[in-house]
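Pasted below: coords_37.pdb, PDB, C-alpha atoms.
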```pdb
ATOM      1  CA  MET A   1     -27.945 -13.303  10.017
ATOM      2  CA  LYS A   2     -26.153 -15.272   7.297
ATOM      3  CA  HIS A   3     -22.794 -13.461   7.234
ATOM      4  CA  PHE A   4     -21.151 -11.362   9.931
ATOM      5  CA  ILE A   5     -18.977  -8.759   8.239
ATOM      6  CA  SER A   6     -19.638  -5.478  10.048
ATOM      7  CA  ALA A   7     -22.019  -3.663  12.395
ATOM      8  CA  ASP A   8     -24.425  -3.404   9.457
ATOM      9  CA  CYS A   9     -25.109  -7.130   9.835
ATOM     10  CA  ILE A  10     -26.676  -6.465  13.252
ATOM     11  CA  THR A  11     -30.165  -5.168  12.556
ATOM     12  CA  ASN A  12     -31.030  -4.566  16.219
ATOM     13  CA  MET A  13     -28.108  -3.488  18.415
ATOM     14  CA  THR A  14     -30.171  -3.533  21.619
ATOM     15  CA  TYR A  15     -31.216  -7.110  20.937
ATOM     16  CA  ALA A  16     -27.609  -8.146  20.271
ATOM     17  CA  LEU A  17     -26.386  -6.563  23.506
ATOM     18  CA  ASN A  18     -29.168  -8.261  25.463
ATOM     19  CA  GLU A  19     -28.266 -11.592  23.846
ATOM     20  CA  ALA A  20     -24.663 -11.068  24.893
ATOM     21  CA  LYS A  21     -25.763 -10.330  28.449
ATOM     22  CA  GLU A  22     -27.774 -13.545  28.631
ATOM     23  CA  ILE A  23     -24.955 -15.616  27.137
ATOM     24  CA  LYS A  24     -22.519 -14.224  29.680
ATOM     25  CA  LYS A  25     -24.831 -15.369  32.487
ATOM     26  CA  ASN A  26     -24.702 -18.944  31.145
ATOM     27  CA  ARG A  27     -22.240 -19.680  28.362
ATOM     28  CA  PHE A  28     -23.464 -23.259  28.032
ATOM     29  CA  ALA A  29     -27.204 -22.629  27.761
ATOM     30  CA  TYR A  30     -27.025 -23.357  24.017
ATOM     31  CA  SER A  31     -24.387 -26.100  24.156
ATOM     32  CA  THR A  32     -26.351 -28.306  21.742
ATOM     33  CA  LEU A  33     -27.096 -25.619  19.144
ATOM     34  CA  GLY A  34     -23.868 -26.319  17.259
ATOM     35  CA  ARG A  35     -23.925 -30.115  17.597
ATOM     36  CA  ASN A  36     -22.624 -31.774  14.414
ATOM     37  CA  ARG A  37     -21.759 -28.359  12.988
ATOM     38  CA  THR A  38     -18.174 -27.384  12.129
ATOM     39  CA  LEU A  39     -16.478 -24.005  12.259
ATOM     40  CA  LEU A  40     -13.375 -23.571  10.100
ATOM     41  CA  MET A  41     -11.143 -20.710  11.244
ATOM     42  CA  VAL A  42      -8.765 -19.490   8.517
ATOM     43  CA  PHE A  43      -5.866 -17.240   9.518
ATOM     44  CA  PHE A  44      -3.799 -15.244   7.056
ATOM     45  CA  ASN A  45      -2.256 -13.362  10.000
ATOM     46  CA  SER A  46      -1.173 -13.934  13.572
ATOM     47  CA  SER A  47      -3.753 -13.996  16.349
ATOM     48  CA  LEU A  48      -4.054 -14.533  20.087
ATOM     49  CA  ARG A  49      -7.380 -13.179  21.440
ATOM     50  CA  THR A  50      -9.333 -13.731  18.220
ATOM     51  CA  ARG A  51      -8.134 -17.292  17.824
ATOM     52  CA  LEU A  52      -8.679 -18.389  21.418
ATOM     53  CA  SER A  53     -11.930 -16.524  22.057
ATOM     54  CA  THR A  54     -13.628 -17.600  18.819
ATOM     55  CA  GLN A  55     -12.605 -21.218  19.284
ATOM     56  CA  LYS A  56     -13.848 -21.177  22.882
ATOM     57  CA  ALA A  57     -17.122 -19.554  21.816
ATOM     58  CA  ALA A  58     -17.722 -22.243  19.193
ATOM     59  CA  MET A  59     -16.946 -24.987  21.712
ATOM     60  CA  ASN A  60     -19.416 -23.443  24.177
ATOM     61  CA  LEU A  61     -22.071 -23.902  21.482
ATOM     62  CA  GLY A  62     -21.109 -27.540  20.893
ATOM     63  CA  MET A  63     -19.404 -26.978  17.533
ATOM     64  CA  ASN A  64     -16.462 -28.867  16.083
ATOM     65  CA  VAL A  65     -13.597 -26.490  15.309
ATOM     66  CA  MET A  66     -10.842 -26.690  12.691
ATOM     67  CA  ILE A  67      -8.043 -24.123  12.437
ATOM     68  CA  LEU A  68      -6.018 -23.448   9.303
ATOM     69  CA  ASP A  69      -2.996 -21.163   9.431
ATOM     70  CA  ILE A  70      -2.303 -20.217   5.821
ATOM     71  CA  ASN A  71       1.268 -19.140   6.590
ATOM     72  CA  ASN A  72       2.244 -22.201   8.593
ATOM     73  CA  GLY A  73       1.293 -25.694   7.491
ATOM     74  CA  ALA A  74      -0.672 -24.933   4.326
ATOM     75  CA  TRP A  75       0.212 -24.334   0.696
ATOM     76  CA  LYS A  76       1.004 -20.733  -0.124
ATOM     77  CA  LEU A  77      -2.036 -19.252  -1.834
ATOM     78  CA  GLU A  78      -2.151 -17.186  -4.991
ATOM     79  CA  THR A  79      -4.926 -14.582  -4.742
ATOM     80  CA  GLU A  80      -4.576 -12.734  -8.069
ATOM     81  CA  LYS A  81      -6.402 -13.786 -11.223
ATOM     82  CA  GLY A  82      -4.650 -14.120 -14.557
ATOM     83  CA  VAL A  83      -1.193 -14.816 -13.173
ATOM     84  CA  ILE A  84       1.133 -17.582 -14.347
ATOM     85  CA  MET A  85       1.685 -19.615 -11.208
ATOM     86  CA  ASP A  86       5.402 -20.224 -11.539
ATOM     87  CA  SER A  87       6.363 -18.780  -8.131
ATOM     88  CA  ASP A  88       6.325 -20.365  -4.660
ATOM     89  CA  LYS A  89       2.508 -20.162  -4.486
ATOM     90  CA  ALA A  90       1.315 -23.692  -5.227
ATOM     91  CA  GLU A  91      -2.461 -23.303  -4.911
ATOM     92  CA  HIS A  92      -4.963 -20.708  -6.043
ATOM     93  CA  ILE A  93      -7.471 -19.361  -3.576
ATOM     94  CA  LEU A  94     -10.247 -19.979  -6.111
ATOM     95  CA  GLU A  95      -9.778 -23.737  -5.673
ATOM     96  CA  ALA A  96      -8.829 -23.560  -2.004
ATOM     97  CA  ILE A  97     -11.991 -21.785  -0.855
ATOM     98  CA  PRO A  98     -14.504 -24.330  -2.275
ATOM     99  CA  VAL A  99     -12.390 -27.154  -0.837
ATOM    100  CA  MET A 100     -12.358 -25.508   2.592
ATOM    101  CA  SER A 101     -16.098 -24.940   2.476
ATOM    102  CA  SER A 102     -16.782 -28.612   1.763
ATOM    103  CA  TYR A 103     -15.480 -29.479   5.232
ATOM    104  CA  CYS A 104     -17.440 -26.985   7.347
ATOM    105  CA  ASP A 105     -20.708 -25.181   8.007
ATOM    106  CA  ILE A 106     -19.316 -21.724   8.827
ATOM    107  CA  ILE A 107     -16.016 -20.175   7.701
ATOM    108  CA  ALA A 108     -14.316 -17.562   9.872
ATOM    109  CA  VAL A 109     -11.579 -15.536   8.152
ATOM    110  CA  ARG A 110      -8.836 -13.224   9.424
ATOM    111  CA  SER A 111      -6.889 -11.217   6.847
ATOM    112  CA  PHE A 112      -5.164  -7.862   7.369
ATOM    113  CA  ALA A 113      -4.662  -4.887   5.085
ATOM    114  CA  GLY A 114      -1.586  -4.759   2.870
ATOM    115  CA  LEU A 115      -1.430  -0.961   3.373
ATOM    116  CA  THR A 116      -0.002  -0.385  -0.091
ATOM    117  CA  ASP A 117      -3.133  -0.380  -2.293
ATOM    118  CA  ARG A 118      -6.087   1.381  -0.662
ATOM    119  CA  SER A 119      -8.545   0.308  -3.329
ATOM    120  CA  LYS A 120      -7.611  -3.347  -2.912
ATOM    121  CA  ASP A 121      -7.819  -3.158   0.871
ATOM    122  CA  TYR A 122     -11.092  -1.238   1.019
ATOM    123  CA  ASN A 123     -12.700  -3.512  -1.576
ATOM    124  CA  GLU A 124     -12.011  -6.335   0.912
ATOM    125  CA  GLU A 125     -10.860  -8.644  -1.867
ATOM    126  CA  ILE A 126      -9.897 -11.632   0.328
ATOM    127  CA  LEU A 127     -13.043 -11.548   2.446
ATOM    128  CA  ASP A 128     -15.195 -10.988  -0.634
ATOM    129  CA  MET A 129     -13.758 -14.086  -2.325
ATOM    130  CA  PHE A 130     -14.749 -16.230   0.655
ATOM    131  CA  ILE A 131     -18.272 -14.820   0.535
ATOM    132  CA  ARG A 132     -18.577 -15.352  -3.234
ATOM    133  CA  TYR A 133     -16.932 -18.753  -3.642
ATOM    134  CA  SER A 134     -17.511 -20.679  -0.409
ATOM    135  CA  GLY A 135     -21.283 -20.917  -0.472
ATOM    136  CA  LYS A 136     -21.161 -20.910   3.341
ATOM    137  CA  PRO A 137     -21.799 -18.261   5.994
ATOM    138  CA  VAL A 138     -18.676 -16.153   6.538
ATOM    139  CA  LEU A 139     -17.601 -14.621   9.848
ATOM    140  CA  ASN A 140     -15.162 -11.704   9.779
ATOM    141  CA  MET A 141     -12.428 -12.271  12.414
ATOM    142  CA  GLU A 142     -10.751  -9.045  11.192
ATOM    143  CA  SER A 143     -10.394  -7.917   7.641
ATOM    144  CA  ALA A 144      -8.464  -5.218   5.831
ATOM    145  CA  THR A 145     -10.806  -2.462   7.021
ATOM    146  CA  LEU A 146     -12.902  -3.789   9.921
ATOM    147  CA  HIS A 147     -12.696  -5.797  13.157
ATOM    148  CA  PRO A 148     -16.356  -6.284  14.159
ATOM    149  CA  LEU A 149     -15.859  -8.986  16.815
ATOM    150  CA  GLN A 150     -13.505  -6.648  18.667
ATOM    151  CA  SER A 151     -15.855  -3.694  18.452
ATOM    152  CA  PHE A 152     -18.842  -5.753  19.575
ATOM    153  CA  ALA A 153     -16.815  -6.839  22.605
ATOM    154  CA  ASP A 154     -15.858  -3.190  23.202
ATOM    155  CA  LEU A 155     -19.527  -2.205  23.185
ATOM    156  CA  ILE A 156     -20.451  -5.059  25.543
ATOM    157  CA  THR A 157     -17.746  -3.804  27.922
ATOM    158  CA  ILE A 158     -18.921  -0.190  27.731
ATOM    159  CA  GLU A 159     -22.485  -1.323  28.408
ATOM    160  CA  GLU A 160     -21.282  -3.175  31.523
ATOM    161  CA  TYR A 161     -19.224  -0.289  32.926
ATOM    162  CA  ARG A 162     -21.128   2.827  31.951
ATOM    163  CA  LYS A 163     -22.552   4.949  34.789
ATOM    164  CA  LYS A 164     -24.451   7.366  32.576
ATOM    165  CA  ARG A 165     -27.227   6.825  30.086
ATOM    166  CA  HIS A 166     -25.324   8.838  27.463
ATOM    167  CA  PRO A 167     -21.575   8.490  28.200
ATOM    168  CA  LYS A 168     -18.821  10.385  26.439
ATOM    169  CA  ILE A 169     -16.492   8.025  24.589
ATOM    170  CA  VAL A 170     -13.168   9.195  23.178
ATOM    171  CA  LEU A 171     -11.270   7.311  20.488
ATOM    172  CA  THR A 172      -7.732   8.652  20.494
ATOM    173  CA  TRP A 173      -4.881   8.014  18.081
ATOM    174  CA  ALA A 174      -1.589   7.118  19.768
ATOM    175  CA  PRO A 175       1.941   6.606  18.385
ATOM    176  CA  HIS A 176       3.310   3.271  17.205
ATOM    177  CA  PRO A 177       6.669   2.233  15.695
ATOM    178  CA  ARG A 178       5.142   0.783  12.540
ATOM    179  CA  PRO A 179       2.117   1.494  10.332
ATOM    180  CA  LEU A 180      -1.087  -0.293  11.359
ATOM    181  CA  PRO A 181      -4.410  -0.754   9.535
ATOM    182  CA  GLN A 182      -7.444   1.391  10.265
ATOM    183  CA  ALA A 183      -9.626  -1.684  10.918
ATOM    184  CA  VAL A 184     -10.047  -1.399  14.703
ATOM    185  CA  ALA A 185     -10.582   2.362  14.589
ATOM    186  CA  ASN A 186     -13.072   2.070  11.701
ATOM    187  CA  SER A 187     -15.055  -0.607  13.499
ATOM    188  CA  PHE A 188     -15.021   1.167  16.855
ATOM    189  CA  ALA A 189     -16.357   4.332  15.233
ATOM    190  CA  GLN A 190     -19.000   2.375  13.329
ATOM    191  CA  TRP A 191     -20.272   0.435  16.365
ATOM    192  CA  THR A 192     -20.174   3.224  18.945
ATOM    193  CA  GLY A 193     -21.701   5.584  16.399
ATOM    194  CA  ARG A 194     -24.833   3.426  16.617
ATOM    195  CA  TYR A 195     -24.768   3.401  20.419
ATOM    196  CA  ASP A 196     -26.433   5.853  22.809
ATOM    197  CA  ALA A 197     -23.283   7.847  23.500
ATOM    198  CA  GLU A 198     -21.289  10.917  22.514
ATOM    199  CA  LEU A 199     -18.386   9.762  20.361
ATOM    200  CA  VAL A 200     -15.371  12.043  19.969
ATOM    201  CA  ILE A 201     -12.400  11.060  17.804
ATOM    202  CA  THR A 202      -9.101  12.859  18.303
ATOM    203  CA  HIS A 203      -5.923  12.527  16.254
ATOM    204  CA  PRO A 204      -3.239  14.635  14.569
ATOM    205  CA  GLU A 205      -4.226  16.222  11.274
ATOM    206  CA  GLY A 206      -3.781  13.793   8.400
ATOM    207  CA  TYR A 207      -5.139  10.800  10.293
ATOM    208  CA  GLU A 208      -8.792  11.295   9.337
ATOM    209  CA  LEU A 209     -10.617   7.997   8.883
ATOM    210  CA  ASP A 210     -13.003   7.115   6.068
ATOM    211  CA  GLY A 211     -16.000   9.380   6.579
ATOM    212  CA  LYS A 212     -18.523   6.587   6.184
ATOM    213  CA  TYR A 213     -17.385   5.220   9.550
ATOM    214  CA  THR A 214     -17.135   8.523  11.423
ATOM    215  CA  ALA A 215     -20.402  10.130  10.309
ATOM    216  CA  ASN A 216     -21.842  10.003  13.839
ATOM    217  CA  ALA A 217     -18.683  11.215  15.583
ATOM    218  CA  THR A 218     -17.229  14.603  16.428
ATOM    219  CA  ILE A 219     -13.671  15.039  15.147
ATOM    220  CA  GLU A 220     -11.613  17.088  17.585
ATOM    221  CA  TYR A 221      -7.970  17.903  16.820
ATOM    222  CA  ASP A 222      -7.498  19.566  20.208
ATOM    223  CA  ARG A 223      -6.601  16.501  22.255
ATOM    224  CA  GLU A 224      -7.124  18.107  25.658
ATOM    225  CA  LYS A 225     -10.557  19.385  24.684
ATOM    226  CA  ALA A 226     -11.471  15.914  23.426
ATOM    227  CA  PHE A 227     -10.530  14.281  26.729
ATOM    228  CA  GLU A 228     -12.451  16.731  28.905
ATOM    229  CA  GLY A 229     -15.240  14.961  30.798
ATOM    230  CA  ALA A 230     -14.748  11.644  29.001
ATOM    231  CA  ASP A 231     -16.186   8.484  30.573
ATOM    232  CA  PHE A 232     -14.246   6.057  28.374
ATOM    233  CA  VAL A 233     -10.951   6.519  26.554
ATOM    234  CA  TYR A 234     -10.126   4.059  23.781
ATOM    235  CA  ALA A 235      -6.537   4.342  22.538
ATOM    236  CA  LYS A 236      -5.467   2.942  19.178
ATOM    237  CA  ASN A 237      -2.878   3.620  16.525
ATOM    238  CA  TRP A 238      -3.708   3.629  12.846
ATOM    239  CA  SER A 239      -1.799   4.669   9.754
ATOM    240  CA  ALA A 240      -3.068   7.363   7.420
ATOM    241  CA  TYR A 241      -6.167   6.657   5.340
ATOM    242  CA  GLY A 242      -5.292   9.465   2.940
ATOM    243  CA  GLY A 243      -8.755  10.780   2.152
ATOM    244  CA  THR A 244      -9.574  12.271  -1.229
ATOM    245  CA  ASP A 245      -6.897  14.964  -1.071
ATOM    246  CA  ASN A 246      -3.880  12.792  -0.220
ATOM    247  CA  PRO A 247      -4.520   9.178  -1.288
ATOM    248  CA  GLU A 248      -0.749   8.741  -1.681
ATOM    249  CA  ASN A 249      -0.475   8.909   2.124
ATOM    250  CA  TYR A 250      -2.436   5.695   2.566
ATOM    251  CA  GLY A 251      -0.711   3.339   4.991
ATOM    252  CA  LYS A 252       1.953   5.863   5.967
ATOM    253  CA  ILE A 253       3.118   7.116   9.353
ATOM    254  CA  LEU A 254       2.645  10.886   9.308
ATOM    255  CA  SER A 255       3.428  11.588  12.937
ATOM    256  CA  GLU A 256       5.692  10.122  15.594
ATOM    257  CA  ASP A 257       4.621  12.633  18.225
ATOM    258  CA  ARG A 258       4.890  10.799  21.538
ATOM    259  CA  THR A 259       3.009  13.488  23.399
ATOM    260  CA  TRP A 260      -0.036  11.568  22.125
ATOM    261  CA  THR A 261       0.829   8.655  24.429
ATOM    262  CA  VAL A 262      -2.026   8.291  26.924
ATOM    263  CA  ASP A 263      -0.627   9.202  30.329
ATOM    264  CA  SER A 264      -2.002  10.117  33.751
ATOM    265  CA  ARG A 265      -1.913  13.839  32.961
ATOM    266  CA  ILE A 266      -4.244  13.600  29.980
ATOM    267  CA  MET A 267      -6.464  11.085  31.799
ATOM    268  CA  SER A 268      -6.832  13.603  34.659
ATOM    269  CA  LEU A 269      -8.903  15.754  32.303
ATOM    270  CA  THR A 270     -11.559  13.038  32.034
ATOM    271  CA  ASP A 271     -14.428  12.241  34.377
ATOM    272  CA  ASN A 272     -12.380   9.434  35.968
ATOM    273  CA  ALA A 273     -12.603   7.598  32.643
ATOM    274  CA  TYR A 274     -12.052   3.915  32.037
ATOM    275  CA  PHE A 275      -9.104   3.131  29.766
ATOM    276  CA  MET A 276      -9.627   0.691  26.878
ATOM    277  CA  HIS A 277      -7.441  -0.882  24.205
ATOM    278  CA  CYS A 278      -7.903  -3.916  21.954
ATOM    279  CA  LEU A 279      -4.483  -5.448  22.798
ATOM    280  CA  PRO A 280      -1.699  -6.229  22.169
ATOM    281  CA  VAL A 281      -0.520  -2.825  23.360
ATOM    282  CA  ARG A 282       2.879  -1.157  23.136
ATOM    283  CA  ARG A 283       3.429   0.027  26.699
ATOM    284  CA  ASN A 284       4.836   3.527  27.091
ATOM    285  CA  MET A 285       4.076   4.258  23.442
ATOM    286  CA  ILE A 286       0.322   3.818  23.239
ATOM    287  CA  VAL A 287      -0.205   4.116  26.991
ATOM    288  CA  THR A 288       1.972   4.490  30.073
ATOM    289  CA  ASP A 289       2.353   1.734  32.644
ATOM    290  CA  GLU A 290       0.669   3.936  35.208
ATOM    291  CA  VAL A 291      -2.538   4.180  33.177
ATOM    292  CA  ILE A 292      -2.819   0.618  31.909
ATOM    293  CA  ASP A 293      -2.016  -0.827  35.357
ATOM    294  CA  SER A 294      -4.512   1.429  37.136
ATOM    295  CA  PRO A 295      -7.863   0.252  38.549
ATOM    296  CA  ARG A 296      -9.590   2.231  35.759
ATOM    297  CA  SER A 297      -7.992   0.081  33.068
ATOM    298  CA  ILE A 298     -10.484  -2.484  31.739
ATOM    299  CA  VAL A 299      -8.398  -3.962  28.928
ATOM    300  CA  ILE A 300      -8.497  -7.490  30.415
ATOM    301  CA  GLN A 301     -12.256  -7.405  30.920
ATOM    302  CA  GLU A 302     -12.577  -6.102  27.371
ATOM    303  CA  ALA A 303     -10.466  -8.991  26.046
ATOM    304  CA  ALA A 304     -12.505 -11.513  28.047
ATOM    305  CA  ASN A 305     -15.644 -10.215  26.360
ATOM    306  CA  ARG A 306     -14.232 -11.321  23.000
ATOM    307  CA  GLU A 307     -15.546 -14.787  23.877
ATOM    308  CA  ILE A 308     -18.991 -13.312  24.500
ATOM    309  CA  SER A 309     -19.113 -11.290  21.285
ATOM    310  CA  ALA A 310     -18.000 -14.296  19.222
ATOM    311  CA  GLN A 311     -20.488 -16.613  20.907
ATOM    312  CA  THR A 312     -23.361 -14.176  20.405
ATOM    313  CA  VAL A 313     -22.537 -13.850  16.712
ATOM    314  CA  LEU A 314     -22.081 -17.602  16.190
ATOM    315  CA  LYS A 315     -25.390 -18.279  17.935
ATOM    316  CA  MET A 316     -27.170 -15.902  15.563
ATOM    317  CA  MET A 317     -25.502 -17.520  12.554
ATOM    318  CA  LEU A 318     -26.263 -21.076  13.706
ATOM    319  CA  GLU A 319     -29.907 -20.159  14.194
ATOM    320  CA  GLU A 320     -30.081 -19.324  10.468
ATOM    321  CA  LEU A 321     -28.587 -22.628   9.243
TER     322      LEU A 321
END
```

Before we go any further, please render this structure as C-alpha cells.
Amino acid sequence: MKHFISADCITNMTYALNEAKEIKKNRFAYSTLGRNRTLLMVFFNSSLRTRLSTQKAAMNLGMNVMILDINNGAWKLETEKGVIMDSDKAEHILEAIPVMSSYCDIIAVRSFAGLTDRSKDYNEEILDMFIRYSGKPVLNMESATLHPLQSFADLITIEEYRKKRHPKIVLTWAPHPRPLPQAVANSFAQWTGRYDAELVITHPEGYELDGKYTANATIEYDREKAFEGADFVYAKNWSAYGGTDNPENYGKILSEDRTWTVDSRIMSLTDNAYFMHCLPVRRNMIVTDEVIDSPRSIVIQEAANREISAQTVLKMMLEEL
C-alpha cells in the first residue's frame, strides 16, 4: 500500500483487522521497521486524538516524527494557482510540498472541508496536491471528505465488542451548534459497508450523504425504527451534502431538532447497544451525559484504538518502501 487515502486502499479488510489485532497484542514487535525513516505530520487544522495517536504509532515502529502546524509557526500558504501573491500568504503550496517531502519518507496530512464549495472539497484539492507533488507516500489524517484512520479504529472497536456474527450498526445524525463536514460519516459508512454487518443510517430529510459512500447501507428516516434491535449506535453530526437536487444546501445546517440527541429513551429501543462517537463530543447536544457515561459507552476504547489503526496503516506503508 503506497498511499492511505480511504477504505479503498485496503484490499483485504480481514487481513487488516487481523494485523491490527496482532499489533495490539504487542505494539513494539516491529519497533525496528521504521528505523531511520521519518514521518512528517502536516496539520492545516486542530487535532488531539489524530496528532497524539499517529505520533505514538510512528514511534512504536521506530520512526522519527516531525510535526508542522501550518497555522502556527509556518508561513501562510497560498493554495490557488494563478493568483498574484500580494496578500499575507508568503509561500505557495507548490513549492512548500516538494520542500517538505525532501525531509521525510512518509507525509501525513490533515485538512478539513471549507464547506462553501462542494466541488473543491470533494475533489480533495489539498490532499491531491500532496499526492501529485510530494513524490512520497501520503497518509490521510482526515481530509475534506474522509477520515479513514478514525473509521478503521471504529471497525477495530466493533470487531472487539461485537457479540453477533452479523451485528446491526446504526449511524445516527445528531444536532450541533455549527456546520461540520461529512468526512467522519462518509468514512464510517464506507468502512462498515464493507464489514459483515447490517448498516442503517438515520437522519432528518435533507441530510443524505453522497450515495457512493452509502451504497451498502439502509437509509431510514424513522429514527425509532432505525434504533430497534441495534447492537452499536454511532452518533455524529454532519452538515448537508446537498445531493443533485439541492447543491446550494451544501455545508448548511438544515435542522436544529434536539430530539435527535441520543438519550436513554432512544437507546432503550436497541439490543443493549454500545454507544460510539469519534470525539470531541458536545455533551447534551450529540448525546446525554447519562448515555456517554454509561457502561455501554465505548468512546474511550474507540479513541485508544486510533493508535492501533494508525500503526497498522504505517506498518503496511513502511513495508512498501

With only C-alpha atoms as the atoms that count, which of A:Ile67, A:Ala304, A:Leu115, A:Met317 lies nearest to A:Ile253? A:Leu115

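Within the file as shown, the PyMOL selection byres ((chain A and resi 111) around 8) identifies A:Phe43, A:Phe44, A:Asn45, A:Val109, A:Arg110, A:Phe112, A:Ala113, A:Ile126, A:Leu127, A:Met141, A:Glu142, A:Ser143, A:Ala144.
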
Reference answer for the PyMOL selection byres ((chain A and resi 70) around 12), as a ChimeraX atom specification: /A:41-46,67-69,71-78,89,91,93,96-97,100,109-111

Computed gap from atom CA of A:Ala153 to atom CA of A:Cys278 is 9.4 Å

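If you look at atom CA of A:Phe152 and atom CA of A:Ser309, they are 5.8 Å away from each other.
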
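Selection result for the displayed file, with the PyMOL selection byres ((chain A and resi 181-184) around 7) as criterion, is Ala113, Leu115, Ala144, Thr145, Leu146, His147, Pro179, Leu180, Ala185, Asn186, Ser187, Phe188, Trp238 and Ser239 of chain A.
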
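Distance annotation: of A:Asn284, A:Thr116, A:Asn123, A:Thr312, the residue with the minimal separation from A:Asp263 is A:Asn284; atom set is all atoms listed in the file.
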
Taking into account only C-alpha atoms, which residue in the set A:Val291, A:Ile201, A:Ile308, A:Ala90 is nearest to A:Lys25? A:Ile308

Selection: 8 Å around A:Arg35, only C-alpha atoms, excl. self and same-chain fewer than 6 positions, as a ChimeraX atom specification: /A:61-64

Which centre and edge lengths in Å to one decimal define the box along x, y and z that fits every listed atom of stretch 162-173 of chain A plus 3 Å per side, as AutoDock Vina command-line options?
```
--center_x -16.1 --center_y 6.6 --center_z 26.4 --size_x 28.3 --size_y 13.6 --size_z 22.7
```

Would you compute the distance between atom CA of A:Asp196 and atom CA of A:Ser6? Give it in Å to one decimal. 18.4 Å

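Every residue within 12 Å of the file position (7.0, 13.1, 19.1), judged by only C-alpha atoms, is given as A:Ala174, A:Pro175, A:His176, A:Pro177, A:Pro204, A:Leu254, A:Ser255, A:Glu256, A:Asp257, A:Arg258, A:Thr259, A:Trp260, A:Thr261, A:Met285.
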
Could you add N, CA and C atoms to stretch 60-71 of chain A and give me the result as a PDB file, in the coordinates of the input?
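Result file is result_35.pdb:
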```pdb
ATOM      1  N   ASN A  60     -18.310 -23.661  23.246  1.00  0.00           N
ATOM      2  CA  ASN A  60     -19.416 -23.443  24.177  1.00  0.00           C
ATOM      3  C   ASN A  60     -20.759 -23.789  23.546  1.00  0.00           C
ATOM      4  N   LEU A  61     -20.834 -23.621  22.221  1.00  0.00           N
ATOM      5  CA  LEU A  61     -22.071 -23.902  21.482  1.00  0.00           C
ATOM      6  C   LEU A  61     -22.116 -25.328  20.951  1.00  0.00           C
ATOM      7  N   GLY A  62     -21.127 -26.137  21.299  1.00  0.00           N
ATOM      8  CA  GLY A  62     -21.109 -27.540  20.893  1.00  0.00           C
ATOM      9  C   GLY A  62     -20.572 -27.793  19.504  1.00  0.00           C
ATOM     10  N   MET A  63     -19.906 -26.825  18.892  1.00  0.00           N
ATOM     11  CA  MET A  63     -19.404 -26.978  17.533  1.00  0.00           C
ATOM     12  C   MET A  63     -18.071 -27.718  17.504  1.00  0.00           C
ATOM     13  N   ASN A  64     -17.806 -28.390  16.401  1.00  0.00           N
ATOM     14  CA  ASN A  64     -16.462 -28.867  16.083  1.00  0.00           C
ATOM     15  C   ASN A  64     -15.691 -27.681  15.505  1.00  0.00           C
ATOM     16  N   VAL A  65     -14.402 -27.622  15.774  1.00  0.00           N
ATOM     17  CA  VAL A  65     -13.597 -26.490  15.309  1.00  0.00           C
ATOM     18  C   VAL A  65     -12.345 -26.992  14.603  1.00  0.00           C
ATOM     19  N   MET A  66     -12.093 -26.449  13.419  1.00  0.00           N
ATOM     20  CA  MET A  66     -10.842 -26.690  12.691  1.00  0.00           C
ATOM     21  C   MET A  66     -10.149 -25.356  12.477  1.00  0.00           C
ATOM     22  N   ILE A  67      -8.820 -25.354  12.591  1.00  0.00           N
ATOM     23  CA  ILE A  67      -8.043 -24.123  12.437  1.00  0.00           C
ATOM     24  C   ILE A  67      -7.001 -24.320  11.340  1.00  0.00           C
ATOM     25  N   LEU A  68      -6.982 -23.404  10.400  1.00  0.00           N
ATOM     26  CA  LEU A  68      -6.018 -23.448   9.303  1.00  0.00           C
ATOM     27  C   LEU A  68      -5.208 -22.164   9.296  1.00  0.00           C
ATOM     28  N   ASP A  69      -3.914 -22.288   9.502  1.00  0.00           N
ATOM     29  CA  ASP A  69      -2.996 -21.163   9.431  1.00  0.00           C
ATOM     30  C   ASP A  69      -2.360 -21.182   8.048  1.00  0.00           C
ATOM     31  N   ILE A  70      -2.757 -20.235   7.216  1.00  0.00           N
ATOM     32  CA  ILE A  70      -2.303 -20.217   5.821  1.00  0.00           C
ATOM     33  C   ILE A  70      -0.785 -20.088   5.718  1.00  0.00           C
ATOM     34  N   ASN A  71      -0.169 -19.400   6.663  1.00  0.00           N
ATOM     35  CA  ASN A  71       1.268 -19.140   6.590  1.00  0.00           C
ATOM     36  C   ASN A  71       2.119 -20.177   7.301  1.00  0.00           C
TER      37      ASN A  71
END
```
